[in-house]
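Participant: The following file, target.txt, comprises compact mmCIF, C-alpha atoms:
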# COMPACT_ATOMS: atom_id res chain seq x y z
CA MET N 1 149.34 107.80 45.48
CA PRO N 2 152.13 105.41 46.57
CA GLU N 3 151.87 101.70 45.85
CA LEU N 4 153.50 99.17 48.20
CA LEU N 5 154.18 95.48 47.93
CA LEU N 6 152.58 93.42 50.67
CA THR N 7 156.08 92.51 51.88
CA GLU N 8 156.64 96.22 52.58
CA ILE N 9 153.34 96.35 54.48
CA VAL N 10 154.54 93.38 56.58
CA ARG N 11 157.75 95.21 57.40
CA LEU N 12 155.95 98.40 58.40
CA ALA N 13 153.46 96.47 60.54
CA ASP N 14 156.13 94.25 62.08
CA GLY N 15 153.79 91.38 61.18
CA GLU N 16 153.79 87.86 59.76
CA LEU N 17 152.89 87.15 56.13
CA ARG N 18 150.55 84.42 54.93
CA GLY N 19 150.11 84.37 51.18
CA SER N 20 151.83 86.15 48.31
CA GLY N 21 154.11 89.00 49.26
CA GLU N 22 153.99 90.30 45.68
CA THR N 23 150.43 91.59 46.10
CA ARG N 24 150.38 95.32 45.42
CA ILE N 25 148.59 97.66 47.82
CA ARG N 26 147.59 101.24 46.97
CA GLY N 27 145.06 102.04 49.69
CA VAL N 28 143.13 100.95 52.78
CA ALA N 29 139.36 100.37 52.99
CA PRO N 30 136.76 98.61 55.21
CA LEU N 31 136.10 94.95 54.49
CA GLU N 32 132.71 95.57 52.89
CA GLY N 33 134.00 98.35 50.63
CA ALA N 34 137.52 97.23 49.77
CA GLY N 35 138.42 96.45 46.19
CA PRO N 36 141.38 94.98 44.32
CA GLY N 37 144.59 96.71 45.31
CA GLU N 38 143.27 97.72 48.75
CA LEU N 39 144.25 96.47 52.19
CA SER N 40 141.52 95.87 54.74
CA PHE N 41 141.70 94.91 58.41
CA ILE N 42 139.87 92.92 61.05
CA ALA N 43 140.43 93.45 64.74
CA ASN N 44 137.08 92.24 66.11
CA ALA N 45 135.25 88.94 65.61
CA ARG N 46 131.96 90.75 64.92
CA TYR N 47 133.29 91.68 61.45
CA LEU N 48 134.16 88.11 60.42
CA PRO N 49 130.96 87.70 58.32
CA TYR N 50 132.23 90.40 55.94
CA LEU N 51 135.32 88.37 55.11
CA HIS N 52 133.55 85.98 52.75
CA ALA N 53 132.26 88.78 50.52
CA THR N 54 135.23 91.13 50.58
CA HIS N 55 137.22 91.96 47.46
CA ALA N 56 140.23 93.23 49.42
CA ALA N 57 143.63 92.35 48.02
CA ALA N 58 144.84 91.45 51.53
CA VAL N 59 143.78 91.81 55.17
CA LEU N 60 145.57 92.99 58.27
CA VAL N 61 144.31 90.65 60.96
CA ALA N 62 144.70 90.04 64.70
CA ARG N 63 146.57 86.78 65.23
CA GLU N 64 143.78 85.20 67.27
CA LEU N 65 141.36 85.66 64.34
CA SER N 66 143.64 84.48 61.54
CA ALA N 67 142.17 80.96 61.43
CA GLU N 68 138.85 82.47 60.33
CA VAL N 69 140.29 84.15 57.23
CA PRO N 70 139.83 82.20 53.96
CA ALA N 71 143.11 80.81 52.63
CA SER N 72 142.53 82.62 49.33
CA ILE N 73 143.08 86.04 50.97
CA PRO N 74 146.68 87.07 51.75
CA GLN N 75 147.08 88.00 55.41
CA VAL N 76 149.34 90.16 57.54
CA LEU N 77 149.16 88.83 61.12
CA VAL N 78 149.74 91.35 63.90
CA GLY N 79 149.04 91.71 67.59
CA ASP N 80 147.02 94.91 67.21
CA PRO N 81 145.67 95.85 63.75
CA HIS N 82 144.89 99.44 64.80
CA ALA N 83 148.44 100.04 66.03
CA ALA N 84 149.78 98.49 62.83
CA LEU N 85 147.56 100.74 60.71
CA ALA N 86 149.02 103.78 62.46
CA ARG N 87 152.40 102.78 61.00
CA ILE N 88 151.11 101.78 57.55
CA LEU N 89 148.83 104.73 56.72
CA PRO N 90 151.55 107.42 56.54
CA ALA N 91 153.36 105.36 53.90
CA LEU N 92 150.22 104.96 51.75
CA TYR N 93 148.85 108.46 52.39
CA PRO N 94 151.86 110.76 52.85
CA ALA N 95 151.20 114.19 54.31
CA ALA N 96 151.27 117.22 52.04
CA PRO N 97 154.56 119.14 52.06
CA ARG N 98 154.81 121.67 54.90
CA GLU N 99 154.43 125.31 54.03
CA VAL N 100 157.02 127.74 55.32
CA GLY N 101 156.94 131.51 55.75
CA VAL N 102 154.49 134.27 56.67
CA HIS N 103 151.54 134.89 54.37
CA PRO N 104 151.33 138.52 53.22
CA THR N 105 147.86 138.95 54.78
CA ALA N 106 148.95 137.69 58.22
CA VAL N 107 149.31 140.24 61.03
CA VAL N 108 152.50 139.56 62.99
CA ASP N 109 153.58 141.97 65.71
CA GLU N 110 157.15 143.16 65.27
CA SER N 111 158.03 141.91 68.76
CA ALA N 112 156.97 138.35 67.99
CA ASP N 113 159.68 135.70 67.63
CA VAL N 114 158.80 133.39 64.74
CA GLY N 115 160.98 130.29 64.77
CA GLU N 116 162.97 128.75 61.94
CA ALA N 117 160.88 127.18 59.15
CA ALA N 118 157.61 128.21 60.82
CA TYR N 119 154.45 129.03 58.87
CA VAL N 120 151.82 131.72 59.53
CA GLY N 121 148.76 131.42 57.27
CA PRO N 122 146.37 133.91 55.66
CA TYR N 123 144.83 136.46 58.02
CA ALA N 124 146.32 134.81 61.08
CA VAL N 125 147.17 137.15 63.97
CA ILE N 126 150.34 136.83 66.04
CA GLU N 127 150.28 139.38 68.88
CA ALA N 128 153.05 141.08 70.81
CA GLY N 129 155.59 138.99 72.67
CA VAL N 130 154.61 135.68 71.11
CA ARG N 131 157.28 133.05 70.66
CA LEU N 132 156.71 130.39 67.98
CA GLY N 133 159.09 127.43 68.08
CA ALA N 134 160.80 125.98 65.02
CA ARG N 135 158.52 124.51 62.37
CA CYS N 136 155.30 125.68 64.03
CA SER N 137 152.29 126.04 61.73
CA ILE N 138 149.55 128.63 62.37
CA GLY N 139 146.47 128.21 60.17
CA ALA N 140 144.30 130.79 58.44
CA HIS N 141 142.46 133.22 60.73
CA ALA N 142 143.98 131.67 63.86
CA VAL N 143 144.83 134.03 66.71
CA VAL N 144 147.85 133.59 68.98
CA GLY N 145 147.43 136.08 71.81
CA ARG N 146 149.93 138.33 73.50
CA GLY N 147 152.79 136.58 75.26
CA CYS N 148 151.93 133.01 74.18
CA ARG N 149 154.77 130.49 74.02
CA LEU N 150 154.67 127.57 71.58
CA GLY N 151 157.27 124.80 71.50
CA ASP N 152 158.74 123.31 68.35
CA ASP N 153 156.51 121.61 65.74
CA CYS N 154 153.17 122.82 67.12
CA VAL N 155 150.18 123.05 64.78
CA VAL N 156 147.37 125.56 65.40
CA HIS N 157 144.67 124.96 62.81
CA ALA N 158 142.46 127.54 61.14
CA HIS N 159 140.19 129.67 63.36
CA ALA N 160 141.63 128.39 66.63
CA THR N 161 142.31 130.97 69.35
CA LEU N 162 145.03 131.04 71.98
CA TYR N 163 144.22 133.74 74.54
CA PRO N 164 147.13 135.74 75.99
CA GLY N 165 149.76 133.84 77.93
CA VAL N 166 148.95 130.29 76.81
CA ARG N 167 151.94 127.95 76.85
CA LEU N 168 152.25 124.89 74.62
CA GLY N 169 154.98 122.28 74.78
CA ALA N 170 156.46 120.67 71.68
CA ARG N 171 154.36 118.93 69.02
CA CYS N 172 150.97 120.07 70.30
CA VAL N 173 148.05 120.08 67.85
CA ILE N 174 145.16 122.52 68.32
CA HIS N 175 142.25 121.93 65.96
CA SER N 176 139.88 124.43 64.37
CA GLY N 177 137.61 126.40 66.64
CA ALA N 178 139.37 125.44 69.87
CA ARG N 179 139.71 128.20 72.48
CA LEU N 180 142.54 127.94 74.99
CA GLY N 181 143.12 130.21 77.96
CA LYS N 182 139.79 132.03 78.11
CA GLU N 183 138.73 133.42 81.47
CA GLY N 184 137.21 130.81 83.75
CA PHE N 185 133.59 130.97 84.91
CA GLY N 186 134.17 132.87 88.14
CA PHE N 187 131.60 135.25 89.69
CA VAL N 188 130.56 136.45 93.14
CA TRP N 189 127.14 137.78 94.14
CA GLU N 190 127.57 141.35 95.30
CA GLY N 191 125.32 144.35 95.31
CA GLY N 192 122.43 142.47 93.76
CA ALA N 193 124.41 141.30 90.73
CA HIS N 194 126.97 138.73 89.60
CA ARG N 195 130.40 140.32 89.64
CA ARG N 196 133.23 138.73 87.68
CA VAL N 197 136.30 137.61 89.62
CA GLN N 198 139.39 138.28 87.55
CA GLN N 199 141.11 135.09 86.38
CA VAL N 200 144.87 135.66 86.60
CA GLY N 201 146.22 132.12 86.22
CA GLY N 202 147.62 130.46 83.12
CA CYS N 203 146.80 127.68 80.66
CA VAL N 204 149.60 125.16 80.08
CA LEU N 205 149.69 122.20 77.70
CA GLU N 206 152.72 119.93 77.95
CA ASP N 207 154.38 118.08 75.04
CA ASP N 208 152.36 116.05 72.50
CA VAL N 209 148.89 117.18 73.61
CA GLU N 210 146.13 117.21 70.99
CA VAL N 211 142.97 119.30 71.39
CA GLY N 212 139.90 118.69 69.21
CA CYS N 213 137.64 121.12 67.37
CA ASN N 214 135.58 123.57 69.41
CA THR N 215 137.05 122.47 72.71
CA THR N 216 137.49 125.12 75.41
CA ILE N 217 140.14 125.08 78.13
CA ASP N 218 139.86 127.88 80.71
CA ARG N 219 142.84 129.62 82.24
CA GLY N 220 143.33 129.23 85.99
CA SER N 221 141.73 131.63 88.42
CA ILE N 222 144.89 131.71 90.54
CA GLY N 223 147.46 129.18 89.41
CA ASP N 224 147.40 127.26 86.14
CA THR N 225 145.09 124.93 84.29
CA VAL N 226 147.41 122.12 83.15
CA VAL N 227 147.08 119.32 80.59
CA GLY N 228 149.81 116.67 80.91
CA ALA N 229 152.09 115.35 78.19
CA GLY N 230 150.60 112.97 75.64
CA THR N 231 146.97 113.60 76.59
CA LYS N 232 144.44 113.55 73.75
CA ILE N 233 141.26 115.62 73.96
CA ASP N 234 138.38 115.13 71.53
CA ASN N 235 135.98 117.71 70.07
CA LEU N 236 133.56 119.80 72.19
CA VAL N 237 135.26 119.21 75.53
CA GLN N 238 135.16 121.80 78.34
CA LEU N 239 137.83 122.05 81.03
CA GLY N 240 137.14 124.56 83.78
CA HIS N 241 139.64 126.78 85.57
CA ASN N 242 142.43 125.13 87.54
CA VAL N 243 141.63 121.66 86.20
CA ARG N 244 144.69 119.42 86.09
CA ILE N 245 144.76 116.55 83.59
CA GLY N 246 147.55 114.00 83.93
CA ARG N 247 149.79 112.46 81.29
CA HIS N 248 148.41 110.28 78.47
CA ALA N 249 144.77 110.69 79.48
CA ILE N 250 141.92 110.37 76.96
CA LEU N 251 138.89 112.71 77.05
CA VAL N 252 136.22 111.80 74.51
CA SER N 253 133.74 114.18 72.87
CA GLN N 254 131.51 116.42 75.03
CA VAL N 255 133.26 115.70 78.31
CA GLY N 256 132.90 118.48 80.86
CA VAL N 257 135.25 118.82 83.83
CA ALA N 258 134.40 121.46 86.44
CA GLY N 259 136.97 123.69 88.10
CA SER N 260 139.81 122.48 90.32
CA THR N 261 139.28 118.78 89.55
CA ALA N 262 142.34 116.57 89.02
CA VAL N 263 142.33 113.70 86.52
CA GLY N 264 145.19 111.21 86.90
CA ASP N 265 147.67 109.82 84.39
CA GLY N 266 146.18 107.46 81.82
CA ALA N 267 142.57 108.03 82.86
CA VAL N 268 139.84 107.63 80.21
CA LEU N 269 136.63 109.69 80.24
CA GLY N 270 134.00 108.45 77.78
CA GLY N 271 131.71 110.62 75.69
CA GLN N 272 129.51 113.13 77.53
CA VAL N 273 130.99 112.37 80.94
CA GLY N 274 130.35 115.16 83.42
CA VAL N 275 132.71 115.65 86.36
CA GLY N 276 131.93 117.92 89.31
CA GLY N 277 134.38 120.41 90.76
CA HIS N 278 137.13 119.87 93.33
CA LEU N 279 137.21 116.09 92.76
CA LYS N 280 139.97 113.58 92.09
CA ILE N 281 139.88 110.87 89.43
CA GLY N 282 142.75 108.48 90.04
CA ALA N 283 145.40 107.32 87.57
CA GLY N 284 144.14 104.75 85.08
CA ALA N 285 140.49 105.18 86.09
CA ARG N 286 137.81 104.79 83.42
CA ILE N 287 134.44 106.56 83.34
CA GLY N 288 131.76 105.14 81.03
CA ALA N 289 129.95 107.34 78.50
CA GLN N 290 127.43 109.77 80.03
CA GLY N 291 128.67 109.02 83.53
CA GLY N 292 128.05 111.73 86.10
CA VAL N 293 130.90 111.94 88.60
CA ILE N 294 129.99 113.61 91.90
CA GLY N 295 132.67 112.05 94.11
CA ASP N 296 136.28 110.91 93.93
CA VAL N 297 137.10 107.86 91.77
CA PRO N 298 139.91 105.55 92.95
CA ALA N 299 142.87 104.81 90.70
CA GLY N 300 142.37 101.98 88.23
CA GLU N 301 138.62 101.65 88.81
CA THR N 302 135.86 101.64 86.18
CA TYR N 303 132.78 103.73 87.02
CA SER N 304 129.61 104.46 85.05
CA GLY N 305 126.06 105.75 85.42
CA TYR N 306 124.62 108.71 87.30
CA PRO N 307 125.65 109.21 89.93
CA ALA N 308 128.76 107.35 88.80
CA ARG N 309 129.47 104.20 90.79
CA PRO N 310 131.52 101.02 90.21
CA HIS N 311 130.56 99.71 86.78
CA ARG N 312 129.20 96.31 87.86
CA GLU N 313 127.09 97.97 90.54
CA ALA N 314 125.77 100.45 87.97
CA LEU N 315 124.85 97.59 85.60
CA ARG N 316 122.98 95.78 88.38
CA ALA N 317 121.08 98.95 89.26
CA GLN N 318 120.20 99.51 85.60
CA GLY N 319 119.07 95.89 85.24
CA ALA N 320 116.83 96.25 88.29
CA LEU N 321 115.33 99.44 86.83
CA PHE N 322 114.41 97.63 83.62
CA LYS N 323 112.51 95.03 85.68
CA LEU N 324 110.28 97.67 87.29
CA PRO N 325 107.43 97.52 84.71
CA GLU N 326 107.05 93.75 85.19
CA LEU N 327 107.31 94.14 88.98
CA ILE N 328 104.60 96.83 88.96
CA ARG N 329 102.36 94.61 86.81
CA ARG N 330 102.75 91.74 89.28
CA VAL N 331 102.05 93.98 92.29
CA ARG N 332 98.89 95.29 90.65
CA ALA N 333 97.77 91.76 89.86
CA LEU N 334 98.34 90.71 93.47
CA GLU N 335 96.57 93.82 94.72
CA LYS N 336 93.61 93.09 92.48
CA ALA N 337 93.44 89.49 93.65
CA VAL N 338 93.67 90.41 97.34
CA LEU N 339 91.17 93.26 97.19
CA GLY N 340 88.84 91.27 94.99
CA GLY N 341 88.93 88.31 97.38
CA GLY N 342 88.22 90.61 100.33
CA ARG N 343 85.08 91.94 98.72
CA GLU N 344 83.84 88.42 98.00
CA ARG N 345 84.20 87.45 101.73
CA GLU N 346 82.20 90.50 102.71
When written as structure tokens, how does the structure in this file appear?

Facilitator:
Amino acid sequence: MPELLLTEIVRLADGELRGSGETRIRGVAPLEGAGPGELSFIANARYLPYLHATHAAAVLVARELSAEVPASIPQVLVGDPHAALARILPALYPAAPREVGVHPTAVVDESADVGEAAYVGPYAVIEAGVRLGARCSIGAHAVVGRGCRLGDDCVVHAHATLYPGVRLGARCVIHSGARLGKEGFGFVWEGGAHRRVQQVGGCVLEDDVEVGCNTTIDRGSIGDTVVGAGTKIDNLVQLGHNVRIGRHAILVSQVGVAGSTAVGDGAVLGGQVGVGGHLKIGAGARIGAQGGVIGDVPAGETYSGYPARPHREALRAQGALFKLPELIRRVRALEKAVLGGGRERE
């Protein structure tokens, strides 16, 4: 494992040093678990109590919290410790060397175009007409369906499936168990039974999209399901047919978005958010965890609750709900007093 001087950490973090720059760092750990030779970090005041017991060799700290750090601990002051960590970690934990070539157990159709320095792992399947860009990596048992197009530097992890015709931009990452381009949930009631409506649209992910484990993105019914550049999708997310997600959006675990809904650039959907179909969530909007969206959400607004409404309004409604038991107790006491008094007058 690499070992870096604290001065090198400062350079990588674009930070300010307080203390000895000769301190050697060989790893990163939480405050309560860090030992000698390890860098820790503090980005939130709630973790300040851990500082006085930590054995970390140095801490990466938000500038506004630096006065709380004991002088005995070397510090690297930064604006955003999490952003700084994103630059430091690759230097301390370098990625394993990329594999290149086609494993002998992989099944690659002779019509497939496998780009320069690409990798196809054990038992992976590359079907007819597929085009893999340069340096793509296809994990073990992954399936890339007929006619898929992958841009340069894409990674499809083990056991992921790209149904026929899926298109990925450059540098997309598809994690294990994800299913992209499956038929959307489209049926009509005819002749006493549900009859499937053929889904003939596509599934398109633009550059730098990441899709978490066991997430499903349906193909369009007519037209494409599209995920914009830079969007990051967590595990266990479901996007219905013809959904359009803008650029640099964040969808946290277990989000479900019903068909033909549009989510704007930079929007954030918290865990377990459910969004109805044919709706519009504006650019930069934020939906709190477990929110249930049944109407359009304006750009830049924060909504929460079910049905989702402006966040402050939702908090007031929730606060009022919590007061109901006391209110009911008071009403019953008043009722008892009134009815009791009436009987006495009789």

Participant: Using CA of Ala71 (chain N) and CA of Arg46 (chain N) as the two end points, give the distance in Å to one decimal.

Facilitator: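 CA of Arg46 (chain N) lies 19.3 Å from CA of Ala71 (chain N).
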
Participant: What does the distance from CA of Ala118 (chain N) to CA of Arg149 (chain N) come to in Å, to one decimal?

Facilitator: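 It comes out at 13.7 Å.
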
Participant: With 6 Å on each side, where is the centre of the axis-aligned box around all listed atoms of region 64-83 of chain N, and how long are its edges in Å to one decimal, as JSON?

Facilitator:
{"center_x": 144.3, "center_y": 90.4, "center_z": 58.5, "size_x": 22.9, "size_y": 31.2, "size_z": 30.3}

Participant: For Arg63 (chain N), which of N:Gly266, N:Gly15, N:Pro325, N:Gly184 is the closest residue, counting all atoms listed in the file?

Facilitator: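 When distances to Arg63 (chain N) are compared using all atoms listed in the file, the smallest one comes from N:Gly15.
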
Participant: Please compute the CA of Gly340 (chain N)-CA of Leu324 (chain N) distance, one decimal, in Å.

Facilitator: 23.7 Å

Participant: Hey, which of N:Leu92, N:Leu162, N:Val156, N:Leu132 ends up closest to Ile217 (chain N)? Count all atoms listed in the file.

Facilitator: N:Leu162

Participant: Applying 12 Å and all atoms listed in the file, which residues near Val78 (chain N) remain after dropping the ones on its own chain fewer than 4 positions away? List them as a PDB file with C-alpha atoms, in the frame of the given file.

Facilitator:
ATOM      1  CA  ILE N   9     153.340  96.350  54.480  1.00  0.00           C
ATOM      2  CA  VAL N  10     154.540  93.380  56.580  1.00  0.00           C
ATOM      3  CA  ARG N  11     157.750  95.210  57.400  1.00  0.00           C
ATOM      4  CA  LEU N  12     155.950  98.400  58.400  1.00  0.00           C
ATOM      5  CA  ALA N  13     153.460  96.470  60.540  1.00  0.00           C
ATOM      6  CA  ASP N  14     156.130  94.250  62.080  1.00  0.00           C
ATOM      7  CA  GLY N  15     153.790  91.380  61.180  1.00  0.00           C
ATOM      8  CA  GLU N  16     153.790  87.860  59.760  1.00  0.00           C
ATOM      9  CA  LEU N  17     152.890  87.150  56.130  1.00  0.00           C
ATOM     10  CA  ARG N  18     150.550  84.420  54.930  1.00  0.00           C
ATOM     11  CA  PHE N  41     141.700  94.910  58.410  1.00  0.00           C
ATOM     12  CA  ILE N  42     139.870  92.920  61.050  1.00  0.00           C
ATOM     13  CA  ALA N  43     140.430  93.450  64.740  1.00  0.00           C
ATOM     14  CA  VAL N  59     143.780  91.810  55.170  1.00  0.00           C
ATOM     15  CA  LEU N  60     145.570  92.990  58.270  1.00  0.00           C
ATOM     16  CA  VAL N  61     144.310  90.650  60.960  1.00  0.00           C
ATOM     17  CA  ALA N  62     144.700  90.040  64.700  1.00  0.00           C
ATOM     18  CA  ARG N  63     146.570  86.780  65.230  1.00  0.00           C
ATOM     19  CA  GLU N  64     143.780  85.200  67.270  1.00  0.00           C
ATOM     20  CA  LEU N  65     141.360  85.660  64.340  1.00  0.00           C
ATOM     21  CA  SER N  66     143.640  84.480  61.540  1.00  0.00           C
ATOM     22  CA  HIS N  82     144.890  99.440  64.800  1.00  0.00           C
ATOM     23  CA  ALA N  83     148.440 100.040  66.030  1.00  0.00           C
ATOM     24  CA  ALA N  84     149.780  98.490  62.830  1.00  0.00           C
ATOM     25  CA  LEU N  85     147.560 100.740  60.710  1.00  0.00           C
TER      26      LEU N  85
END

Participant: Ranking N:Ile126, N:Ser111, N:Cys213, N:Tyr47 by minimum distance to His157 (chain N) and counting all atoms listed in the file, which one comes first?

Facilitator: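 Nearest candidate to His157 (chain N) out of N:Ile126, N:Ser111, N:Cys213, N:Tyr47: N:Cys213.
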
Participant: Pick out the closest residue to Leu77 (chain N) from this set: N:Gly19, N:His241, N:Arg167, N:Pro97. Count only C-alpha atoms.

Facilitator: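 Answer, going by the shortest atom-to-atom distance: N:Gly19.
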
Participant: As a PyMOL selection string, please: the residues near region 3-7 of chain N (cut-off 7 Å, only C-alpha atoms, same-chain neighbours under 4 positions excluded).

Facilitator: chain N and resi 11+21-26+92

Participant: At a cut-off of 9 Å, can you tabulate as JSON lines every residue of region 203-228 of chain N near region 247-258 of chain N together with its closest atom pair and the distance in Å to one decimal, using all atoms listed in the file and ordering rows by chain then number?

Facilitator:
{"residue": "N:Glu206", "atom": "CA", "partner": "N:Arg247", "partner_atom": "CA", "distance": 8.7}
{"residue": "N:Val209", "atom": "CA", "partner": "N:His248", "partner_atom": "CA", "distance": 8.5}
{"residue": "N:Gly212", "atom": "CA", "partner": "N:Ser253", "partner_atom": "CA", "distance": 8.5}
{"residue": "N:Thr215", "atom": "CA", "partner": "N:Gln254", "partner_atom": "CA", "distance": 8.5}
{"residue": "N:Val227", "atom": "CA", "partner": "N:Arg247", "partner_atom": "CA", "distance": 7.4}
{"residue": "N:Gly228", "atom": "CA", "partner": "N:Arg247", "partner_atom": "CA", "distance": 4.2}

Participant: Excluding region 290-299 of chain N and its own-chain neighbours fewer than 3 positions away, which residues fall within 12 Å of it when counting all atoms listed in the file? Please give them as a CSV table (one decimal) with C-alpha atoms, in the frame of the given file.

Facilitator:
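Contents of out26.csv, as written:
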chain,number,residue,atom,x,y,z
N,252,VAL,CA,136.2,111.8,74.5
N,253,SER,CA,133.7,114.2,72.9
N,254,GLN,CA,131.5,116.4,75.0
N,255,VAL,CA,133.3,115.7,78.3
N,256,GLY,CA,132.9,118.5,80.9
N,257,VAL,CA,135.2,118.8,83.8
N,258,ALA,CA,134.4,121.5,86.4
N,261,THR,CA,139.3,118.8,89.6
N,262,ALA,CA,142.3,116.6,89.0
N,263,VAL,CA,142.3,113.7,86.5
N,264,GLY,CA,145.2,111.2,86.9
N,265,ASP,CA,147.7,109.8,84.4
N,266,GLY,CA,146.2,107.5,81.8
N,267,ALA,CA,142.6,108.0,82.9
N,268,VAL,CA,139.8,107.6,80.2
N,269,LEU,CA,136.6,109.7,80.2
N,270,GLY,CA,134.0,108.4,77.8
N,271,GLY,CA,131.7,110.6,75.7
N,272,GLN,CA,129.5,113.1,77.5
N,273,VAL,CA,131.0,112.4,80.9
N,274,GLY,CA,130.4,115.2,83.4
N,275,VAL,CA,132.7,115.6,86.4
N,276,GLY,CA,131.9,117.9,89.3
N,277,GLY,CA,134.4,120.4,90.8
N,278,HIS,CA,137.1,119.9,93.3
N,279,LEU,CA,137.2,116.1,92.8
N,280,LYS,CA,140.0,113.6,92.1
N,281,ILE,CA,139.9,110.9,89.4
N,282,GLY,CA,142.8,108.5,90.0
N,283,ALA,CA,145.4,107.3,87.6
N,284,GLY,CA,144.1,104.8,85.1
N,285,ALA,CA,140.5,105.2,86.1
N,286,ARG,CA,137.8,104.8,83.4
N,287,ILE,CA,134.4,106.6,83.3
N,302,THR,CA,135.9,101.6,86.2
N,303,TYR,CA,132.8,103.7,87.0
N,304,SER,CA,129.6,104.5,85.0
N,305,GLY,CA,126.1,105.8,85.4
N,306,TYR,CA,124.6,108.7,87.3
N,307,PRO,CA,125.6,109.2,89.9
N,308,ALA,CA,128.8,107.4,88.8
N,309,ARG,CA,129.5,104.2,90.8
N,310,PRO,CA,131.5,101.0,90.2
N,311,HIS,CA,130.6,99.7,86.8
N,314,ALA,CA,125.8,100.4,88.0

Participant: Between N:Val243, N:Ala320, N:Val102, N:Ala170, which has the minimum distance to Gly121 (chain N) (counting only C-alpha atoms)?

Facilitator: N:Val102

Participant: If you count only C-alpha atoms, which residues fall within 6 Å of Ala106 (chain N), apart from same-chain ones fewer than 6 positions away, as an mmCIF file with C-alpha atoms, in the coordinates of the input?

Facilitator:
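Saved result, result_22.cif, follows:
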data_model
loop_
_atom_site.group_PDB
_atom_site.id
_atom_site.type_symbol
_atom_site.label_atom_id
_atom_site.label_comp_id
_atom_site.auth_asym_id
_atom_site.auth_seq_id
_atom_site.Cartn_x
_atom_site.Cartn_y
_atom_site.Cartn_z
ATOM 1 C CA PRO N 122 146.370 133.910 55.660
ATOM 2 C CA TYR N 123 144.830 136.460 58.020
ATOM 3 C CA ALA N 124 146.320 134.810 61.080
#
